[in-house]
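All remarks here apply to the structure that follows.
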Amino acid sequence: MLLIGTVLSVFLPRAVARFGYRPPFYLGALMVGTGFLGGQVPCTLYYRLAALQFSTQEFSSKAIAIVIAGGCLSALLGPEIAKHTVNALSKPYSGAYLTTLCECAMLMFILTIIQFPSPRKTHNTHITSSLSTITGDNISINGRSIFVIAGQRTFLIAALGGFVSWSAMAIQMAAAPLAMTGSGYNFVQVTTAVECHLLGMYAPSFFTGSL
């Protein structure tokens with residue numbers, strides 16, 4: 001279900017273009033089941049792109065870096081919260097899941113008070129400003145077909161880089177906790193290792209925006 005929810009998030013950009021930022025982000029913040037959890041992850045990753053709508057073109061790279069750097073706070077708080085809530089209820093991990101529900105409720109409240117700009121206006125602005133660097137008769141002011149985008153070398157390089165980096169991350173994050181548990185490490189030690197892993201992921205964001 002987690003995988004299905006993640007795969008379905010491929011339609012997230014179209015949903016943002018059609019309904020604006022708030023409704024898709026609301027849906028991503030819901031935690032009805034594991035499938036919605038799979039949809040939540042891409043929505044949170046999309047926040048860094050939404051930050052571009054609030055920044056100037058010169059500040060765009062730093063805006064993305066600042067949003068991603070917020071993951072450092074999550075890397076510190078998330079595992080610590082899990083340590084104190086994993087056995088809070090009679091069934092293991094149910095307390096941590098309920099805590100995640102509360103966090104998503106807080107997220108929905110924050111999304112309510114944020115004044116998101118219209119994605120249609122910013123979308124047309126980006127399309128117009130980039131027409132000079134795009135060639136082909138199948139480009140219109142309404143955007144490019146997904147098949148046109150998928151055939152571009154720039155997209156293929158980015159997709160390959162994302163595939164390799166995320167695969168390496170997923171293998172470590174998924175296998176390491178299981179291996180540590182099987183080797184006799186307790187839950188606190190496992191979450192500490194995950195905490196260090198997350199810090200290693202997000203800490204570089206403090207300076208990558210200036211590169």
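Going through the structure tokens in order, the chains are called A, B, and so on, while each chain numbers its residues from 1 and the ligands are numbered from 1 in the order shown.
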Exercise. Within 8 Å of Ala63 in chain A, counting only C-alpha atoms, which residues qualify if same-chain residues fewer than 3 places away don't, as JSON, numbers by chain?
Worked result: {"A": [48, 51, 52, 55, 59, 60, 66, 67, 209]}
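Taking only C-alpha atoms into account, Glu195 in chain A lies nearest to A:Lys83 out of the set A:Lys91, A:Lys83, A:Arg144, A:Arg14.
Interatomic distance, CA of Phe187 in chain A to CA of Ala88 in chain A: 13.7 Å.
Remark: for Lys62 in chain A, the closest of the candidate residues A:Phe116, A:Phe163, A:Phe207, A:Phe19 is A:Phe207 (distances computed over only C-alpha atoms).
The nearest approach to Tyr46 in chain A among the residues A:Ser61, A:Pro13, A:Pro23, A:Thr154, with only C-alpha atoms taken into account, belongs to A:Pro13.
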Exercise. Which residue, A:Leu111, A:Ala193, A:Ala176, A:Ala96, has the smallest gap to Thr44 in chain A when you use only C-alpha atoms?
Worked result: A:Leu111
For this session: Within 10 Å of range 200-206 of chain A, counting only C-alpha atoms, which residues show up once you throw out same-chain ones fewer than 5 positions away? Write them as a list in words, please.
Result: Lys62, Ile64, Ala65, Ile66, Val67, Ile68, Ala69, Gly70, Gly71, Cys72, Leu73, Ser74, Ala75, Met169, Val194 and Glu195 of chain A
